[in-house]
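Shown here: input_15.cif, mmCIF, N, CA and C atoms.
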data_run
loop_
_atom_site.label_atom_id
_atom_site.label_comp_id
_atom_site.auth_asym_id
_atom_site.auth_seq_id
_atom_site.Cartn_x
_atom_site.Cartn_y
_atom_site.Cartn_z
N MET S 11 -162.82 65.69 -189.87
CA MET S 11 -162.03 66.40 -190.86
C MET S 11 -160.56 66.31 -190.47
N LYS S 12 -159.71 66.16 -191.47
CA LYS S 12 -158.27 66.13 -191.23
C LYS S 12 -157.70 67.52 -191.46
N TRP S 13 -156.68 67.85 -190.68
CA TRP S 13 -155.98 69.13 -190.80
C TRP S 13 -154.51 68.85 -191.12
N PHE S 14 -153.91 69.74 -191.91
CA PHE S 14 -152.51 69.58 -192.29
C PHE S 14 -151.77 70.89 -192.09
N CYS S 15 -150.52 70.78 -191.72
CA CYS S 15 -149.66 71.95 -191.58
C CYS S 15 -149.43 72.53 -192.98
N PRO S 16 -149.67 73.83 -193.18
CA PRO S 16 -149.46 74.42 -194.51
C PRO S 16 -147.99 74.62 -194.87
N TYR S 17 -147.10 74.32 -193.94
CA TYR S 17 -145.67 74.48 -194.19
C TYR S 17 -145.00 73.17 -194.58
N CYS S 18 -145.41 72.06 -193.92
CA CYS S 18 -144.75 70.77 -194.21
C CYS S 18 -145.75 69.68 -194.62
N TRP S 19 -147.02 69.98 -194.55
CA TRP S 19 -148.12 69.09 -194.95
C TRP S 19 -148.23 67.84 -194.08
N HIS S 20 -147.68 67.90 -192.87
CA HIS S 20 -147.83 66.84 -191.88
C HIS S 20 -149.21 66.98 -191.23
N GLU S 21 -149.84 65.87 -190.90
CA GLU S 21 -151.16 65.93 -190.27
C GLU S 21 -151.07 66.55 -188.87
N VAL S 22 -151.98 67.48 -188.58
CA VAL S 22 -152.07 68.14 -187.28
C VAL S 22 -153.51 68.05 -186.80
N THR S 23 -153.73 68.47 -185.55
CA THR S 23 -155.10 68.54 -185.06
C THR S 23 -155.57 69.99 -185.16
N GLU S 24 -156.86 70.17 -185.12
CA GLU S 24 -157.45 71.51 -185.20
C GLU S 24 -156.97 72.40 -184.06
N LYS S 25 -156.62 71.81 -182.95
CA LYS S 25 -156.24 72.56 -181.76
C LYS S 25 -154.75 72.89 -181.69
N ASP S 26 -153.93 72.30 -182.55
CA ASP S 26 -152.48 72.54 -182.53
C ASP S 26 -152.17 74.00 -182.85
N LEU S 27 -151.35 74.63 -182.01
CA LEU S 27 -150.89 75.99 -182.27
C LEU S 27 -149.57 75.98 -183.02
N LYS S 28 -148.82 74.89 -182.83
CA LYS S 28 -147.55 74.68 -183.55
C LYS S 28 -147.59 73.30 -184.17
N CYS S 29 -146.93 73.19 -185.32
CA CYS S 29 -146.86 71.89 -185.99
C CYS S 29 -145.95 70.97 -185.19
N PRO S 30 -146.42 69.78 -184.83
CA PRO S 30 -145.56 68.85 -184.10
C PRO S 30 -144.40 68.31 -184.95
N ASN S 31 -144.50 68.44 -186.26
CA ASN S 31 -143.45 67.94 -187.15
C ASN S 31 -142.36 68.99 -187.42
N CYS S 32 -142.77 70.18 -187.87
CA CYS S 32 -141.77 71.19 -188.27
C CYS S 32 -141.67 72.36 -187.29
N GLY S 33 -142.59 72.44 -186.33
CA GLY S 33 -142.55 73.50 -185.34
C GLY S 33 -143.09 74.84 -185.81
N ALA S 34 -143.68 74.89 -186.99
CA ALA S 34 -144.21 76.16 -187.52
C ALA S 34 -145.36 76.66 -186.67
N ASP S 35 -145.44 77.97 -186.55
CA ASP S 35 -146.53 78.63 -185.82
C ASP S 35 -147.77 78.63 -186.71
N LEU S 36 -148.71 77.76 -186.39
CA LEU S 36 -149.90 77.61 -187.23
C LEU S 36 -150.84 78.80 -187.10
N GLU S 37 -150.78 79.51 -185.99
CA GLU S 37 -151.62 80.69 -185.81
C GLU S 37 -151.22 81.82 -186.76
N SER S 38 -149.94 81.92 -187.08
CA SER S 38 -149.46 83.01 -187.94
C SER S 38 -149.95 82.85 -189.38
N PHE S 39 -150.31 81.63 -189.75
CA PHE S 39 -150.79 81.37 -191.11
C PHE S 39 -152.01 82.23 -191.45
N HIS S 40 -152.87 82.44 -190.48
CA HIS S 40 -154.12 83.17 -190.72
C HIS S 40 -153.87 84.63 -191.11
N SER S 41 -152.77 85.19 -190.67
CA SER S 41 -152.49 86.60 -190.98
C SER S 41 -151.55 86.78 -192.17
N MET S 42 -151.17 85.68 -192.80
CA MET S 42 -150.26 85.76 -193.95
C MET S 42 -150.95 86.37 -195.16
N ASP S 43 -150.16 86.99 -196.01
CA ASP S 43 -150.61 87.49 -197.30
C ASP S 43 -151.08 86.31 -198.16
N PHE S 44 -152.15 86.51 -198.94
CA PHE S 44 -152.71 85.44 -199.75
C PHE S 44 -151.69 84.87 -200.72
N ASP S 45 -150.89 85.72 -201.34
CA ASP S 45 -149.88 85.23 -202.28
C ASP S 45 -148.84 84.35 -201.59
N ASP S 46 -148.49 84.67 -200.35
CA ASP S 46 -147.55 83.84 -199.59
C ASP S 46 -148.17 82.48 -199.27
N LYS S 47 -149.47 82.46 -199.03
CA LYS S 47 -150.16 81.19 -198.80
C LYS S 47 -150.15 80.34 -200.08
N LEU S 48 -150.32 81.01 -201.23
CA LEU S 48 -150.25 80.28 -202.49
C LEU S 48 -148.88 79.66 -202.70
N ILE S 49 -147.84 80.40 -202.38
CA ILE S 49 -146.48 79.89 -202.53
C ILE S 49 -146.29 78.64 -201.66
N LEU S 50 -146.82 78.65 -200.44
CA LEU S 50 -146.75 77.46 -199.59
C LEU S 50 -147.49 76.29 -200.25
N GLY S 51 -148.56 76.59 -200.97
CA GLY S 51 -149.34 75.56 -201.64
C GLY S 51 -148.59 74.83 -202.74
N LEU S 52 -147.49 75.40 -203.21
CA LEU S 52 -146.68 74.72 -204.23
C LEU S 52 -146.04 73.44 -203.71
N LYS S 53 -146.00 73.29 -202.39
CA LYS S 53 -145.43 72.09 -201.79
C LYS S 53 -146.49 71.06 -201.43
N ASN S 54 -147.73 71.33 -201.79
CA ASN S 54 -148.81 70.41 -201.48
C ASN S 54 -148.56 69.07 -202.16
N PRO S 55 -148.67 67.96 -201.43
CA PRO S 55 -148.40 66.66 -202.03
C PRO S 55 -149.50 66.16 -202.97
N ILE S 56 -150.65 66.81 -202.98
CA ILE S 56 -151.75 66.39 -203.85
C ILE S 56 -151.61 67.13 -205.18
N THR S 57 -151.36 66.38 -206.23
CA THR S 57 -151.06 66.96 -207.54
C THR S 57 -152.14 67.92 -208.01
N GLN S 58 -153.41 67.55 -207.91
CA GLN S 58 -154.49 68.40 -208.41
C GLN S 58 -154.52 69.74 -207.67
N THR S 59 -154.28 69.71 -206.37
CA THR S 59 -154.25 70.94 -205.59
C THR S 59 -153.07 71.81 -206.01
N ARG S 60 -151.92 71.18 -206.16
CA ARG S 60 -150.71 71.91 -206.57
C ARG S 60 -150.91 72.54 -207.95
N MET S 61 -151.55 71.82 -208.86
CA MET S 61 -151.80 72.35 -210.20
C MET S 61 -152.71 73.57 -210.15
N PHE S 62 -153.74 73.51 -209.31
CA PHE S 62 -154.64 74.64 -209.15
C PHE S 62 -153.88 75.86 -208.62
N VAL S 63 -153.00 75.64 -207.65
CA VAL S 63 -152.20 76.72 -207.08
C VAL S 63 -151.29 77.34 -208.14
N ILE S 64 -150.64 76.51 -208.94
CA ILE S 64 -149.76 77.00 -210.00
C ILE S 64 -150.55 77.89 -210.97
N GLU S 65 -151.71 77.41 -211.39
CA GLU S 65 -152.54 78.19 -212.31
C GLU S 65 -152.97 79.51 -211.70
N LEU S 66 -153.35 79.48 -210.44
CA LEU S 66 -153.78 80.70 -209.75
C LEU S 66 -152.63 81.70 -209.61
N ILE S 67 -151.44 81.21 -209.31
CA ILE S 67 -150.26 82.08 -209.22
C ILE S 67 -150.03 82.78 -210.56
N GLY S 68 -150.18 82.05 -211.65
CA GLY S 68 -150.02 82.65 -212.97
C GLY S 68 -151.08 83.70 -213.25
N ARG S 69 -152.32 83.39 -212.92
CA ARG S 69 -153.41 84.35 -213.16
C ARG S 69 -153.24 85.62 -212.35
N ARG S 70 -152.70 85.47 -211.13
CA ARG S 70 -152.48 86.63 -210.26
C ARG S 70 -151.15 87.33 -210.55
N ARG S 71 -150.33 86.70 -211.41
CA ARG S 71 -149.01 87.25 -211.77
C ARG S 71 -148.15 87.54 -210.52
N VAL S 72 -147.99 86.52 -209.70
CA VAL S 72 -147.27 86.64 -208.43
C VAL S 72 -145.77 86.56 -208.69
N GLU S 73 -145.13 87.71 -208.83
CA GLU S 73 -143.70 87.74 -209.16
C GLU S 73 -142.83 87.09 -208.10
N LYS S 74 -143.21 87.21 -206.83
CA LYS S 74 -142.38 86.61 -205.78
C LYS S 74 -142.44 85.09 -205.79
N ALA S 75 -143.29 84.50 -206.62
CA ALA S 75 -143.37 83.05 -206.73
C ALA S 75 -142.46 82.49 -207.82
N VAL S 76 -141.81 83.36 -208.59
CA VAL S 76 -141.02 82.91 -209.75
C VAL S 76 -139.96 81.89 -209.35
N GLU S 77 -139.16 82.19 -208.35
CA GLU S 77 -138.09 81.26 -207.97
C GLU S 77 -138.66 79.94 -207.46
N HIS S 78 -139.78 80.00 -206.76
CA HIS S 78 -140.42 78.78 -206.26
C HIS S 78 -140.94 77.93 -207.43
N LEU S 79 -141.52 78.60 -208.43
CA LEU S 79 -141.99 77.88 -209.62
C LEU S 79 -140.82 77.26 -210.38
N CYS S 80 -139.73 78.00 -210.48
CA CYS S 80 -138.55 77.49 -211.18
C CYS S 80 -137.99 76.26 -210.47
N GLN S 81 -137.95 76.30 -209.15
CA GLN S 81 -137.46 75.15 -208.40
C GLN S 81 -138.38 73.96 -208.58
N LEU S 82 -139.68 74.19 -208.56
CA LEU S 82 -140.63 73.11 -208.77
C LEU S 82 -140.45 72.51 -210.17
N ALA S 83 -140.21 73.35 -211.16
CA ALA S 83 -139.98 72.87 -212.52
C ALA S 83 -138.69 72.07 -212.61
N ARG S 84 -137.66 72.49 -211.89
CA ARG S 84 -136.40 71.75 -211.90
C ARG S 84 -136.59 70.34 -211.32
N ASP S 85 -137.45 70.23 -210.32
CA ASP S 85 -137.66 68.97 -209.62
C ASP S 85 -138.68 68.06 -210.29
N SER S 86 -139.51 68.60 -211.15
CA SER S 86 -140.63 67.83 -211.70
C SER S 86 -140.25 67.15 -213.01
N GLU S 87 -140.83 65.99 -213.22
CA GLU S 87 -140.71 65.27 -214.49
C GLU S 87 -142.08 65.12 -215.14
N ASP S 88 -143.12 65.61 -214.49
CA ASP S 88 -144.50 65.49 -214.96
C ASP S 88 -144.75 66.53 -216.06
N THR S 89 -144.98 66.06 -217.27
CA THR S 89 -145.15 66.97 -218.42
C THR S 89 -146.30 67.95 -218.20
N TYR S 90 -147.43 67.48 -217.72
CA TYR S 90 -148.57 68.36 -217.53
C TYR S 90 -148.27 69.43 -216.49
N GLU S 91 -147.60 69.04 -215.40
CA GLU S 91 -147.23 70.01 -214.37
C GLU S 91 -146.23 71.03 -214.94
N LEU S 92 -145.27 70.56 -215.72
CA LEU S 92 -144.28 71.46 -216.32
C LEU S 92 -144.94 72.46 -217.27
N VAL S 93 -145.88 72.00 -218.08
CA VAL S 93 -146.59 72.91 -218.99
C VAL S 93 -147.35 73.95 -218.18
N THR S 94 -147.99 73.55 -217.10
CA THR S 94 -148.73 74.48 -216.25
C THR S 94 -147.79 75.49 -215.60
N ILE S 95 -146.64 75.03 -215.14
CA ILE S 95 -145.64 75.93 -214.56
C ILE S 95 -145.17 76.94 -215.61
N PHE S 96 -144.88 76.47 -216.81
CA PHE S 96 -144.41 77.37 -217.86
C PHE S 96 -145.49 78.38 -218.26
N ASN S 97 -146.74 77.96 -218.25
CA ASN S 97 -147.84 78.90 -218.52
C ASN S 97 -147.88 79.98 -217.45
N ALA S 98 -147.70 79.58 -216.19
CA ALA S 98 -147.70 80.55 -215.10
C ALA S 98 -146.52 81.50 -215.22
N LEU S 99 -145.34 80.97 -215.50
CA LEU S 99 -144.15 81.82 -215.66
C LEU S 99 -144.34 82.79 -216.82
N HIS S 100 -144.91 82.31 -217.90
CA HIS S 100 -145.16 83.16 -219.06
C HIS S 100 -146.14 84.27 -218.70
N ALA S 101 -147.18 83.94 -217.96
CA ALA S 101 -148.17 84.94 -217.55
C ALA S 101 -147.56 85.99 -216.63
N ILE S 102 -146.67 85.55 -215.74
CA ILE S 102 -146.01 86.49 -214.83
C ILE S 102 -145.12 87.43 -215.64
N GLY S 103 -144.36 86.87 -216.56
CA GLY S 103 -143.60 87.66 -217.51
C GLY S 103 -142.41 88.44 -216.98
N ALA S 104 -142.08 88.32 -215.73
CA ALA S 104 -140.92 89.02 -215.17
C ALA S 104 -139.65 88.46 -215.80
N GLN S 105 -138.59 89.24 -215.76
CA GLN S 105 -137.32 88.83 -216.37
C GLN S 105 -136.86 87.48 -215.82
N GLY S 106 -136.95 87.28 -214.52
CA GLY S 106 -136.53 86.02 -213.92
C GLY S 106 -137.35 84.85 -214.42
N ALA S 107 -138.64 85.09 -214.68
CA ALA S 107 -139.51 84.03 -215.19
C ALA S 107 -139.09 83.60 -216.58
N LEU S 108 -138.79 84.56 -217.43
CA LEU S 108 -138.38 84.26 -218.80
C LEU S 108 -137.03 83.55 -218.83
N GLU S 109 -136.12 83.97 -217.98
CA GLU S 109 -134.81 83.32 -217.90
C GLU S 109 -134.95 81.88 -217.45
N CYS S 110 -135.81 81.66 -216.47
CA CYS S 110 -136.05 80.31 -215.97
C CYS S 110 -136.63 79.43 -217.08
N MET S 111 -137.57 79.97 -217.84
CA MET S 111 -138.18 79.20 -218.92
C MET S 111 -137.14 78.76 -219.94
N LYS S 112 -136.27 79.68 -220.30
CA LYS S 112 -135.25 79.37 -221.30
C LYS S 112 -134.25 78.34 -220.77
N GLU S 113 -133.85 78.52 -219.50
CA GLU S 113 -132.90 77.58 -218.89
C GLU S 113 -133.48 76.17 -218.86
N LEU S 114 -134.71 76.05 -218.41
CA LEU S 114 -135.30 74.73 -218.26
C LEU S 114 -135.72 74.12 -219.59
N ALA S 115 -136.00 74.93 -220.57
CA ALA S 115 -136.35 74.41 -221.89
C ALA S 115 -135.18 73.63 -222.47
N ASP S 116 -133.98 74.11 -222.20
CA ASP S 116 -132.79 73.43 -222.69
C ASP S 116 -132.46 72.19 -221.85
N ARG S 117 -132.77 72.25 -220.57
CA ARG S 117 -132.40 71.20 -219.64
C ARG S 117 -133.30 69.97 -219.72
N LYS S 118 -134.58 70.20 -219.88
CA LYS S 118 -135.54 69.08 -219.89
C LYS S 118 -135.52 68.41 -221.26
N ASN S 119 -135.43 67.10 -221.27
CA ASN S 119 -135.45 66.35 -222.52
C ASN S 119 -136.89 65.89 -222.75
N ASN S 120 -137.75 66.86 -223.07
CA ASN S 120 -139.18 66.59 -223.18
C ASN S 120 -139.69 67.30 -224.43
N HIS S 121 -140.00 66.54 -225.46
CA HIS S 121 -140.39 67.11 -226.75
C HIS S 121 -141.71 67.87 -226.66
N ILE S 122 -142.65 67.36 -225.88
CA ILE S 122 -143.94 68.05 -225.73
C ILE S 122 -143.73 69.41 -225.07
N LEU S 123 -142.93 69.43 -224.02
CA LEU S 123 -142.65 70.68 -223.32
C LEU S 123 -141.91 71.67 -224.24
N LYS S 124 -140.91 71.18 -224.97
CA LYS S 124 -140.17 72.07 -225.87
C LYS S 124 -141.09 72.68 -226.93
N LYS S 125 -141.99 71.87 -227.48
CA LYS S 125 -142.94 72.37 -228.48
C LYS S 125 -143.86 73.42 -227.86
N HIS S 126 -144.31 73.18 -226.66
CA HIS S 126 -145.17 74.13 -225.97
C HIS S 126 -144.44 75.46 -225.70
N ILE S 127 -143.20 75.36 -225.28
CA ILE S 127 -142.41 76.57 -225.02
C ILE S 127 -142.19 77.35 -226.31
N GLU S 128 -141.90 76.66 -227.39
CA GLU S 128 -141.72 77.33 -228.69
C GLU S 128 -142.98 78.10 -229.07
N GLN S 129 -144.13 77.51 -228.83
CA GLN S 129 -145.39 78.19 -229.14
C GLN S 129 -145.61 79.40 -228.23
N LEU S 130 -145.24 79.27 -226.95
CA LEU S 130 -145.42 80.38 -226.01
C LEU S 130 -144.51 81.55 -226.34
N LEU S 131 -143.26 81.24 -226.62
CA LEU S 131 -142.26 82.28 -226.82
C LEU S 131 -142.18 82.77 -228.27
N GLY S 132 -142.85 82.04 -229.15
CA GLY S 132 -142.89 82.49 -230.54
C GLY S 132 -141.72 82.20 -231.35
#

Show me, as structure tokens, the structure contained in the file I just sent.
Amino acid sequence: MKWFCPYCWHEVTEKDLKCPNCGADLESFHSMDFDDKLILGLKNPITQTRMFVIELIGRRRVEKAVEHLCQLARDSEDTYELVTIFNALHAIGAQGALECMKELADRKNNHILKKHIEQLLG
């Protein structure tokens, strides 16, 4: 089985206490809050895993993930990922989430995304 650092996604061994790449304390991960672990999952390089994390953050309405979701949306060009991010932001519904949605709706030149946002926001 392969193991990866949950902070930088560099390959580690099961016995590593610190990540040899980023120096993160791997033992502290076990005591982290579940929502904080989900936020770390937004940096997962595997698209399907990242999409699952985004959806779960939306279902759990994790307000502290809003800025992380907004940054991911700013960096992404993947329409499906952007729609999933916007669904999560809409589900969270915090003021920052709505502001981010409006900002990025104007910034992204993506007709599918704009149509989806119009349907979400009414």

Met111 (chain S) surroundings by all atoms listed in the file, 8 Å radius, close-in-sequence under 3 positions cut, as a ChimeraX atom specification: /S:80,96,99-100,105-108,114-117,127

Interatomic distance, CA of Ala101 (chain S) to CA of Arg69 (chain S) (Å, one decimal):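 Separation of CA of Ala101 (chain S) and CA of Arg69 (chain S): 6.9 Å.
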
List as a CSV table (one decimal) with N, CA and C atoms, keeping the file's coordinate frame the protein and nucleic acid residues near Thr23 (chain S), meaning an atom at most 12 Å away when only C-alpha atoms are counted, but skip any in the same chain fewer than 2 places from it.
chain,number,residue,atom,x,y,z
S,11,MET,N,-162.8,65.7,-189.9
S,11,MET,CA,-162.0,66.4,-190.9
S,11,MET,C,-160.6,66.3,-190.5
S,12,LYS,N,-159.7,66.2,-191.5
S,12,LYS,CA,-158.3,66.1,-191.2
S,12,LYS,C,-157.7,67.5,-191.5
S,13,TRP,N,-156.7,67.8,-190.7
S,13,TRP,CA,-156.0,69.1,-190.8
S,13,TRP,C,-154.5,68.8,-191.1
S,14,PHE,N,-153.9,69.7,-191.9
S,14,PHE,CA,-152.5,69.6,-192.3
S,14,PHE,C,-151.8,70.9,-192.1
S,15,CYS,N,-150.5,70.8,-191.7
S,15,CYS,CA,-149.7,72.0,-191.6
S,15,CYS,C,-149.4,72.5,-193.0
S,20,HIS,N,-147.7,67.9,-192.9
S,20,HIS,CA,-147.8,66.8,-191.9
S,20,HIS,C,-149.2,67.0,-191.2
S,21,GLU,N,-149.8,65.9,-190.9
S,21,GLU,CA,-151.2,65.9,-190.3
S,21,GLU,C,-151.1,66.6,-188.9
S,25,LYS,N,-156.6,71.8,-183.0
S,25,LYS,CA,-156.2,72.6,-181.8
S,25,LYS,C,-154.8,72.9,-181.7
S,26,ASP,N,-153.9,72.3,-182.6
S,26,ASP,CA,-152.5,72.5,-182.5
S,26,ASP,C,-152.2,74.0,-182.8
S,27,LEU,N,-151.4,74.6,-182.0
S,27,LEU,CA,-150.9,76.0,-182.3
S,27,LEU,C,-149.6,76.0,-183.0
S,28,LYS,N,-148.8,74.9,-182.8
S,28,LYS,CA,-147.6,74.7,-183.6
S,28,LYS,C,-147.6,73.3,-184.2
S,29,CYS,N,-146.9,73.2,-185.3
S,29,CYS,CA,-146.9,71.9,-186.0
S,29,CYS,C,-146.0,71.0,-185.2
S,30,PRO,N,-146.4,69.8,-184.8
S,30,PRO,CA,-145.6,68.8,-184.1
S,30,PRO,C,-144.4,68.3,-185.0
S,31,ASN,N,-144.5,68.4,-186.3
S,31,ASN,CA,-143.4,67.9,-187.2
S,31,ASN,C,-142.4,69.0,-187.4
S,36,LEU,N,-148.7,77.8,-186.4
S,36,LEU,CA,-149.9,77.6,-187.2
S,36,LEU,C,-150.8,78.8,-187.1

Among listed residues S:Pro55, S:Asp85, S:Ala34, S:Lys47, nearest Val22 (chain S) (using only C-alpha atoms): S:Ala34

DSSP strand (DSSP E or B) selection over region 14-103 of chain S, as number ranges by chain: S: 14, 21-22, 28, 35

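Proximity ranking of S:Leu82, S:Asn54, S:Gly103, S:Ala98 relative to Trp19 (chain S) places S:Asn54 first, based on only N, CA and C atoms.
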
Straight-line distance linking CA of Thr94 (chain S) with CA of Glu65 (chain S), stated in Å to one decimal: 6.6 Å

Residues matched by the PyMOL selection byres ((chain S and resi 48) around 8), written as an MDAnalysis selection string: chainID S and resid 43:47 49:53 63:64 66:67 75

Å distance separating CA of Glu91 (chain S) from atom N of Tyr17 (chain S), one decimal place: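 Separation of CA of Glu91 (chain S) and atom N of Tyr17 (chain S): 20.9 Å.
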
Counting all atoms listed in the file, the option among S:Ile102, S:Glu24, S:Lys118, S:Ser38 closest to Glu73 (chain S):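 For Glu73 (chain S), the nearest of the given residues is S:Ile102.
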
Produce the centre coordinates and the three edge lengths, each in Å to one decimal, of the box along x, y and z that contains all listed atoms of region 85-103 of chain S with 6 Å added on each side, as JSON.
{"center_x": -143.1, "center_y": 76.8, "center_z": -214.3, "size_x": 23.3, "size_y": 35.3, "size_z": 21.4}

Run the PyMOL selection byres (((chain S and resi 89 and name CA) around 12) and name CA) mentally over the shown coordinates, then write out the matched residues as an mmCIF file with N, CA and C atoms, in the frame of the given file, using the chain letters and numbers from the document.
data_model
loop_
_atom_site.group_PDB
_atom_site.id
_atom_site.type_symbol
_atom_site.label_atom_id
_atom_site.label_comp_id
_atom_site.auth_asym_id
_atom_site.auth_seq_id
_atom_site.Cartn_x
_atom_site.Cartn_y
_atom_site.Cartn_z
ATOM 1 N N MET S 61 -151.550 71.820 -208.860
ATOM 2 C CA MET S 61 -151.800 72.350 -210.200
ATOM 3 C C MET S 61 -152.710 73.570 -210.150
ATOM 4 N N ALA S 83 -140.210 73.350 -211.160
ATOM 5 C CA ALA S 83 -139.980 72.870 -212.520
ATOM 6 C C ALA S 83 -138.690 72.070 -212.610
ATOM 7 N N ARG S 84 -137.660 72.490 -211.890
ATOM 8 C CA ARG S 84 -136.400 71.750 -211.900
ATOM 9 C C ARG S 84 -136.590 70.340 -211.320
ATOM 10 N N ASP S 85 -137.450 70.230 -210.320
ATOM 11 C CA ASP S 85 -137.660 68.970 -209.620
ATOM 12 C C ASP S 85 -138.680 68.060 -210.290
ATOM 13 N N SER S 86 -139.510 68.600 -211.150
ATOM 14 C CA SER S 86 -140.630 67.830 -211.700
ATOM 15 C C SER S 86 -140.250 67.150 -213.010
ATOM 16 N N GLU S 87 -140.830 65.990 -213.220
ATOM 17 C CA GLU S 87 -140.710 65.270 -214.490
ATOM 18 C C GLU S 87 -142.080 65.120 -215.140
ATOM 19 N N ASP S 88 -143.120 65.610 -214.490
ATOM 20 C CA ASP S 88 -144.500 65.490 -214.960
ATOM 21 C C ASP S 88 -144.750 66.530 -216.060
ATOM 22 N N TYR S 90 -147.430 67.480 -217.720
ATOM 23 C CA TYR S 90 -148.570 68.360 -217.530
ATOM 24 C C TYR S 90 -148.270 69.430 -216.490
ATOM 25 N N GLU S 91 -147.600 69.040 -215.400
ATOM 26 C CA GLU S 91 -147.230 70.010 -214.370
ATOM 27 C C GLU S 91 -146.230 71.030 -214.940
ATOM 28 N N LEU S 92 -145.270 70.560 -215.720
ATOM 29 C CA LEU S 92 -144.280 71.460 -216.320
ATOM 30 C C LEU S 92 -144.940 72.460 -217.270
ATOM 31 N N VAL S 93 -145.880 72.000 -218.080
ATOM 32 C CA VAL S 93 -146.590 72.910 -218.990
ATOM 33 C C VAL S 93 -147.350 73.950 -218.180
ATOM 34 N N THR S 94 -147.990 73.550 -217.100
ATOM 35 C CA THR S 94 -148.730 74.480 -216.250
ATOM 36 C C THR S 94 -147.790 75.490 -215.600
ATOM 37 N N ILE S 95 -146.640 75.030 -215.140
ATOM 38 C CA ILE S 95 -145.640 75.930 -214.560
ATOM 39 C C ILE S 95 -145.170 76.940 -215.610
ATOM 40 N N PHE S 96 -144.880 76.470 -216.810
ATOM 41 C CA PHE S 96 -144.410 77.370 -217.860
ATOM 42 C C PHE S 96 -145.490 78.380 -218.260
ATOM 43 N N LYS S 118 -134.580 70.200 -219.880
ATOM 44 C CA LYS S 118 -135.540 69.080 -219.890
ATOM 45 C C LYS S 118 -135.520 68.410 -221.260
ATOM 46 N N ASN S 119 -135.430 67.100 -221.270
ATOM 47 C CA ASN S 119 -135.450 66.350 -222.520
ATOM 48 C C ASN S 119 -136.890 65.890 -222.750
ATOM 49 N N ASN S 120 -137.750 66.860 -223.070
ATOM 50 C CA ASN S 120 -139.180 66.590 -223.180
ATOM 51 C C ASN S 120 -139.690 67.300 -224.430
ATOM 52 N N HIS S 121 -140.000 66.540 -225.460
ATOM 53 C CA HIS S 121 -140.390 67.110 -226.750
ATOM 54 C C HIS S 121 -141.710 67.870 -226.660
ATOM 55 N N ILE S 122 -142.650 67.360 -225.880
ATOM 56 C CA ILE S 122 -143.940 68.050 -225.730
ATOM 57 C C ILE S 122 -143.730 69.410 -225.070
ATOM 58 N N LEU S 123 -142.930 69.430 -224.020
ATOM 59 C CA LEU S 123 -142.650 70.680 -223.320
ATOM 60 C C LEU S 123 -141.910 71.670 -224.240
ATOM 61 N N LYS S 124 -140.910 71.180 -224.970
ATOM 62 C CA LYS S 124 -140.170 72.070 -225.870
ATOM 63 C C LYS S 124 -141.090 72.680 -226.930
ATOM 64 N N LYS S 125 -141.990 71.870 -227.480
ATOM 65 C CA LYS S 125 -142.940 72.370 -228.480
ATOM 66 C C LYS S 125 -143.860 73.420 -227.860
ATOM 67 N N HIS S 126 -144.310 73.180 -226.660
ATOM 68 C CA HIS S 126 -145.170 74.130 -225.970
ATOM 69 C C HIS S 126 -144.440 75.460 -225.700
ATOM 70 N N ILE S 127 -143.200 75.360 -225.280
ATOM 71 C CA ILE S 127 -142.410 76.570 -225.020
ATOM 72 C C ILE S 127 -142.190 77.350 -226.310
#
